[in-house]
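Asker: I have a structure I would like to understand better, so I am pasting it below and will then ask my questions one at a time.
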Amino acid sequence: MRIPGIRDYVIEKLQCILNPRSIAVIGASRDPNKIGHQIVKNLIESGYKGRIYPVNPKANEILGLKCYASVKDIPDMVDLVVISVPAPIVRKVVQECAEKGVNGIAIITAGFSEVGNKKEEDEIVEIARKHKIPILGPNIVGILNSTYKMNASFAPKLPFSGKIALISQSGALIIGLIGWTWLYRVGLSKVISIGNKADIDFSELIVYLTEKDPDTNTIAIYMEGTDAGPELVEACRRAAGKKPIVILKAGFSKRGELATMSHTGSMAGSARIYKAAFLQSYVIQAEDLFDLYDKALALSLQPPAMSDRILVITNGGGAGVLATDAAEKYGIPLSDTPPDLAERLKKYMPPFGSTKNPVDLTGQANEDWYYGAIVEAVKHPDVGGIVVIYCHTAITDPMKIGVRISEATKIARDYKKPIVVCFIGGREVEGTSNWLKEQGIPTYPTPARAIKAMAALREYGRIIERIKKRQQ
Ligand code: ACO
């Protein structure tokens, strides 16, 4: 049901939904193969420190926890209720939650507007809205909070911990993308599945995450559609300049639009309208899943680029050419290295190296040359950000190079200049790439992906400039 504007009580109660002190799981099955059982198990195994109350009229105990016949029997306040009973029972259960006075509800159950059962979905939302209880879902995988160590979902595990909050209309994608966070070291603070978003919409989550959540510094969204466009624009504009928002909007093709309707009951809408709205509301757009994570990773780990002058430092000419092409394609075309900086960079390369942009330290570049060249660039007033590329060679140790890049990045932080890294190679560079990300340095396997990430940092820098101008 369309939201009646961004609601204050929802923003307030999202604290109880996303960081609950107590959770009741309704439909906590005795059967280990059922979703309700798995959610209780995940809560216990993720290390959740709050109180857990399984609810099932047919059970006395689930996984060693006392079981209640109804949420109303729980002798304690309940912040979050996770519902995992079949669709025909959900209305009754929500009514009981209203009588109990819980603070928020997440409905895992499918079988509502996405299959044409809008009437029942609307009735459930009406009950909840009457009692000011926000609902997440239905048709969701649940909520994960890596800071609180809370897996209130049937996703197999918590994500790699970090500062990105991921909101997704697709639950299955969430499960897959959590796997990626461990593979690629993309740190998430929260994962919020919103499915049919019958009640809580993107906009209210964006406002909460921007204004009330210190664990999140970047918001990444997989979106199929929204019927609350003006609220989305308002929320993104409220967030502008405070926390970056990256959105991957799906369902722009003819059949994609139909698939969207049967997946989450949303209207995908025209690409032109969404793109114009995103532009107007300072949203950074992503092209695909890699792009969503690549941009969010850079934005969560590095400061924005406050000038167009990006310098590329590489040990491989070909990688430098690819970076140059990508820089032009993604809106940060390279310009010549300032002459005084070029002169200083000569110390860190053989006579046959190149001080032009891209700066080619050559294949014999060692860790100290990388360090020296990066620090010189960082200190130069006409450099706004640096993309460092390393192609693996038999005469270099990627970890030694990584350590020196990390040391140079600490200096870059003092100058508020972003550094993005590209490590090209096989298994030999994988460990260092992941280690660099753990040190807060976004690292990618291709020059184009690294450049696109830097372009996102520049885009966010331009957004900050636009906001400042607007405020003058
Ligand atoms: N209160 C509490 N528990 C109750 C109540 C009640 N009023 N009534 C029944 N129960 C119990 C049942 O007895 C059962 O426990 P038991 O197994 O110990 O007997 C438990 O609740 C679950 O009920 P079931 O009828 O067994 O339902 P089941 O677990 O098979 O299915 C579910 C429920 C998972 C919600 C299902 O209806 C559903 O919607 N599945 C799809 C979920 C989904 O995919 N969501 C979207 C995720 S996103 C993605 O794409 C991955």
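Chain labels A, B, ... are given in the sequence in which chains occur in the structure tokens; within each chain residues are numbered consecutively from 1, and ligands are likewise numbered from 1 in the order shown.
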Run DSSP on the backbone of this structure and report the residues of range 327-375 of chain A it assigns to helix (DSSP H, G or I), as a list in words.
Answerer: Ala327, Glu328, Lys329, Pro339, Asp340, Leu341, Ala342, Glu343, Arg344, Leu345, Lys346, Lys347, Tyr348, Glu367, Asp368, Trp369, Tyr370, Tyr371, Gly372, Ala373, Ile374 and Val375 of chain A
Asker: Within 9 Å of ligand 1, which residues of chain A come that close, and what is the closest atom pair and distance in Å for each? Count only C-alpha atoms and all ligand atoms and give it as a tab-separated table.
Answerer:
```
residue	atom	partner	partner_atom_place_in_ligand_line	distance
A:Val25	CA	ligand 1	2 (C)	8.1
A:Ile26	CA	ligand 1	2 (C)	4.6
A:Gly27	CA	ligand 1	21 (O)	3.2
A:Ala28	CA	ligand 1	20 (C)	5.6
A:Ser29	CA	ligand 1	18 (O)	3.6
A:Arg30	CA	ligand 1	18 (O)	3.8
A:Asp31	CA	ligand 1	17 (O)	5.1
A:Pro32	CA	ligand 1	17 (O)	8.6
A:Asn33	CA	ligand 1	29 (O)	8.4
A:Lys34	CA	ligand 1	29 (O)	4.9
A:Ile35	CA	ligand 1	34 (C)	5.1
A:Gly36	CA	ligand 1	29 (O)	5.9
A:His37	CA	ligand 1	29 (O)	8.0
A:Pro54	CA	ligand 1	2 (C)	8.4
A:Val55	CA	ligand 1	2 (C)	5.0
A:Asn56	CA	ligand 1	3 (N)	3.7
A:Pro57	CA	ligand 1	3 (N)	5.7
A:Lys58	CA	ligand 1	13 (O)	5.8
A:Ala59	CA	ligand 1	18 (O)	6.3
A:Ile62	CA	ligand 1	18 (O)	8.8
A:Tyr68	CA	ligand 1	2 (C)	8.3
A:Ala69	CA	ligand 1	2 (C)	6.6
A:Ser70	CA	ligand 1	1 (N)	6.0
A:Val71	CA	ligand 1	1 (N)	7.9
A:Ile83	CA	ligand 1	35 (C)	7.1
A:Ser84	CA	ligand 1	35 (C)	3.8
A:Val85	CA	ligand 1	33 (C)	4.2
A:Pro86	CA	ligand 1	37 (O)	3.5
A:Ala87	CA	ligand 1	37 (O)	5.8
A:Pro88	CA	ligand 1	37 (O)	8.7
A:Ile89	CA	ligand 1	7 (N)	6.3
A:Val90	CA	ligand 1	7 (N)	7.9
A:Lys92	CA	ligand 1	7 (N)	7.4
A:Val93	CA	ligand 1	7 (N)	6.1
A:Ile107	CA	ligand 1	35 (C)	8.1
A:Ile108	CA	ligand 1	45 (N)	4.9
A:Thr109	CA	ligand 1	39 (O)	3.4
A:Ala110	CA	ligand 1	39 (O)	3.8
A:Gly111	CA	ligand 1	39 (O)	6.3
A:Gly137	CA	ligand 1	46 (C)	8.6
A:Pro138	CA	ligand 1	46 (C)	7.5
A:Asn139	CA	ligand 1	46 (C)	3.9
A:Ile140	CA	ligand 1	47 (C)	4.0
A:Val141	CA	ligand 1	47 (C)	4.1
A:Gly142	CA	ligand 1	47 (C)	7.6
A:Phe154	CA	ligand 1	51 (C)	8.2
A:Ala155	CA	ligand 1	51 (C)	8.3
A:Gln169	CA	ligand 1	48 (S)	8.4
A:Ser170	CA	ligand 1	50 (O)	5.9
A:Gly171	CA	ligand 1	48 (S)	3.5
A:Ala172	CA	ligand 1	51 (C)	4.0
A:Leu173	CA	ligand 1	50 (O)	7.5
A:Ile174	CA	ligand 1	51 (C)	8.1
A:Ile175	CA	ligand 1	51 (C)	7.5
A:Ser193	CA	ligand 1	48 (S)	7.7
A:Ile194	CA	ligand 1	48 (S)	8.9
A:Gly195	CA	ligand 1	48 (S)	6.8
A:His263	CA	ligand 1	50 (O)	8.2
```
Asker: Pick out the residues sitting within 10 Å of Gly331 in chain A, and hand them over as a ChimeraX atom specification; count only C-alpha atoms, and ignore anything fewer than 4 positions along from it in its own chain.
Answerer: /A:308,326-327,451-452,455-456,458-459
Asker: Measuring atom to atom with only C-alpha atoms, identify which of A:Asn217, A:Thr409, A:Thr396, A:Ser281 is nearest to Ile374 in chain A.
Answerer: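 Using only C-alpha atoms, the shortest distance to Ile374 in chain A belongs to A:Thr409.
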Asker: Figure out the distance between CA of Ala450 in chain A and CA of Glu287 in chain A, please, to one decimal in Å.
Answerer: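 Pair CA of Glu287 in chain A / CA of Ala450 in chain A returns 14.7 Å.
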Asker: Taking only C-alpha atoms into account, name the residue in A:Tyr330, A:Tyr370, A:Tyr9, A:Tyr390 that is nearest to Tyr348 in chain A.
Answerer: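 Of A:Tyr330, A:Tyr370, A:Tyr9, A:Tyr390, the one nearest Tyr348 in chain A, counting only C-alpha atoms, is A:Tyr370.
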Asker: Quick one: DSSP strand (DSSP E) residues in range 116-284 of chain A, as a PyMOL selection string?
Answerer: chain A and resi 135-136+142-145+150-153+161-168+188-193+218-223+245-249+284
Asker: Mind writing the picked residues with C-alpha atoms as an mmCIF file, in the first residue's frame?
Answerer:
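Writing the result to out_6.cif gives the following:
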```cif
data_model
loop_
_atom_site.group_PDB
_atom_site.id
_atom_site.type_symbol
_atom_site.label_atom_id
_atom_site.label_comp_id
_atom_site.auth_asym_id
_atom_site.auth_seq_id
_atom_site.Cartn_x
_atom_site.Cartn_y
_atom_site.Cartn_z
ATOM 1 C CA ILE A 135 5.953 -3.863 8.535
ATOM 2 C CA LEU A 136 8.902 -4.999 6.445
ATOM 3 C CA GLY A 142 14.676 -11.237 6.664
ATOM 4 C CA ILE A 143 17.071 -8.758 8.283
ATOM 5 C CA LEU A 144 20.803 -9.109 9.010
ATOM 6 C CA ASN A 145 22.862 -6.773 11.149
ATOM 7 C CA MET A 150 21.983 -10.628 14.262
ATOM 8 C CA ASN A 151 20.851 -12.957 11.516
ATOM 9 C CA ALA A 152 17.055 -12.670 11.634
ATOM 10 C CA SER A 153 16.664 -14.321 8.247
ATOM 11 C CA SER A 161 31.265 -6.681 8.279
ATOM 12 C CA GLY A 162 31.592 -3.097 7.035
ATOM 13 C CA LYS A 163 29.797 0.216 6.559
ATOM 14 C CA ILE A 164 27.499 -0.424 3.588
ATOM 15 C CA ALA A 165 23.785 -0.990 4.224
ATOM 16 C CA LEU A 166 22.270 -3.132 1.474
ATOM 17 C CA ILE A 167 18.533 -2.833 0.791
ATOM 18 C CA SER A 168 17.154 -5.342 -1.679
ATOM 19 C CA LEU A 188 28.089 -4.620 4.967
ATOM 20 C CA SER A 189 26.571 -3.134 8.129
ATOM 21 C CA LYS A 190 23.016 -4.295 7.476
ATOM 22 C CA VAL A 191 21.136 -6.292 4.910
ATOM 23 C CA ILE A 192 17.462 -5.405 4.630
ATOM 24 C CA SER A 193 15.107 -7.434 2.496
ATOM 25 C CA THR A 218 26.953 4.193 2.360
ATOM 26 C CA ILE A 219 23.609 2.875 1.107
ATOM 27 C CA ALA A 220 23.431 0.330 -1.725
ATOM 28 C CA ILE A 221 20.058 -0.598 -3.208
ATOM 29 C CA TYR A 222 18.773 -3.278 -5.553
ATOM 30 C CA MET A 223 15.450 -1.848 -6.751
ATOM 31 C CA ILE A 245 23.383 6.220 -2.221
ATOM 32 C CA VAL A 246 24.070 3.787 -5.066
ATOM 33 C CA ILE A 247 21.063 2.233 -6.813
ATOM 34 C CA LEU A 248 20.884 -0.661 -9.239
ATOM 35 C CA LYS A 249 17.464 -0.371 -10.876
ATOM 36 C CA ILE A 284 24.765 7.322 -8.063
#
```
Asker: Between CA of Val403 in chain A and CA of Ile178 in chain A, measure the distance and give it in Å to one decimal.
Answerer: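 It comes out at 27.4 Å.
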Asker: For CA of Gly229 in chain A and CA of Ala276 in chain A, determine how far apart the two atoms are, in Å to one decimal place.
Answerer: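 Interatomic distance, CA of Gly229 in chain A to CA of Ala276 in chain A: 11.6 Å.
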Asker: Which residues are near Lys13 in chain A? Cut-off 7 Å, only C-alpha atoms, ignore same chain within fewer than 4 positions. Put them as a ChimeraX atom specification.
Answerer: /A:9,17,103-104
Asker: Can you write out the residues you just picked, keeping all heavy atoms, as an mmCIF file, in the first residue's frame?
Answerer:
```cif
data_model
loop_
_atom_site.group_PDB
_atom_site.id
_atom_site.type_symbol
_atom_site.label_atom_id
_atom_site.label_comp_id
_atom_site.auth_asym_id
_atom_site.auth_seq_id
_atom_site.Cartn_x
_atom_site.Cartn_y
_atom_site.Cartn_z
ATOM 1 N N TYR A 9 6.968 8.021 12.823
ATOM 2 C CA TYR A 9 6.926 6.855 13.725
ATOM 3 C C TYR A 9 7.667 5.663 13.105
ATOM 4 O O TYR A 9 8.254 4.848 13.816
ATOM 5 C CB TYR A 9 5.491 6.502 14.131
ATOM 6 C CG TYR A 9 4.691 5.679 13.125
ATOM 7 C CD1 TYR A 9 4.777 4.285 13.107
ATOM 8 C CD2 TYR A 9 3.842 6.288 12.208
ATOM 9 C CE1 TYR A 9 4.030 3.531 12.208
ATOM 10 C CE2 TYR A 9 3.096 5.543 11.304
ATOM 11 C CZ TYR A 9 3.199 4.163 11.303
ATOM 12 O OH TYR A 9 2.467 3.422 10.419
ATOM 13 N N ILE A 17 13.432 -2.349 14.780
ATOM 14 C CA ILE A 17 13.372 -3.425 13.780
ATOM 15 C C ILE A 17 14.786 -3.844 13.369
ATOM 16 O O ILE A 17 15.084 -5.026 13.213
ATOM 17 C CB ILE A 17 12.556 -2.950 12.548
ATOM 18 C CG1 ILE A 17 11.108 -2.702 12.966
ATOM 19 C CG2 ILE A 17 12.637 -3.943 11.393
ATOM 20 C CD1 ILE A 17 10.211 -2.168 11.864
ATOM 21 N N ASN A 103 6.901 -3.577 18.446
ATOM 22 C CA ASN A 103 7.428 -2.368 17.799
ATOM 23 C C ASN A 103 7.605 -2.473 16.288
ATOM 24 O O ASN A 103 7.700 -1.463 15.594
ATOM 25 C CB ASN A 103 8.766 -1.983 18.437
ATOM 26 C CG ASN A 103 8.548 -1.299 19.765
ATOM 27 O OD1 ASN A 103 7.614 -0.516 19.909
ATOM 28 N ND2 ASN A 103 9.369 -1.613 20.750
ATOM 29 N N GLY A 104 7.692 -3.694 15.768
ATOM 30 C CA GLY A 104 7.855 -3.834 14.318
ATOM 31 C C GLY A 104 7.690 -5.273 13.888
ATOM 32 O O GLY A 104 7.834 -6.199 14.713
#
```
Asker: Out of A:Lys469, A:Lys212, A:Lys41, A:Arg427, which residue has the shortest atom-to-atom distance to Cys16 in chain A when counting only C-alpha atoms?
Answerer: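 Between A:Lys469, A:Lys212, A:Lys41, A:Arg427, the residue approaching Cys16 in chain A most closely is A:Lys212.
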Asker: Would you write out, as CSV, a table of all residues in range 152-264 of chain A that have an atom no more than 10 Å from an atom of range 439-449 of chain A, listing for each the closest atom pair and the distance in Å to one decimal, considering only C-alpha atoms and ordering rows by chain and rising residue number?
Answerer:
```
residue,atom,partner,partner_atom,distance
A:Gly162,CA,A:Gly440,CA,9.8
A:Tyr184,CA,A:Tyr444,CA,9.1
A:Arg185,CA,A:Pro442,CA,9.4
A:Val186,CA,A:Pro442,CA,9.0
A:Gly187,CA,A:Gly440,CA,9.9
```
Asker: Nearest to Leu322 in chain A among A:Ser335, A:Ile273, A:Ile389, A:Thr362, with distances taken over only C-alpha atoms: which residue is it?
Answerer: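 That would be A:Ile389, the residue with the smallest distance to Leu322 in chain A.
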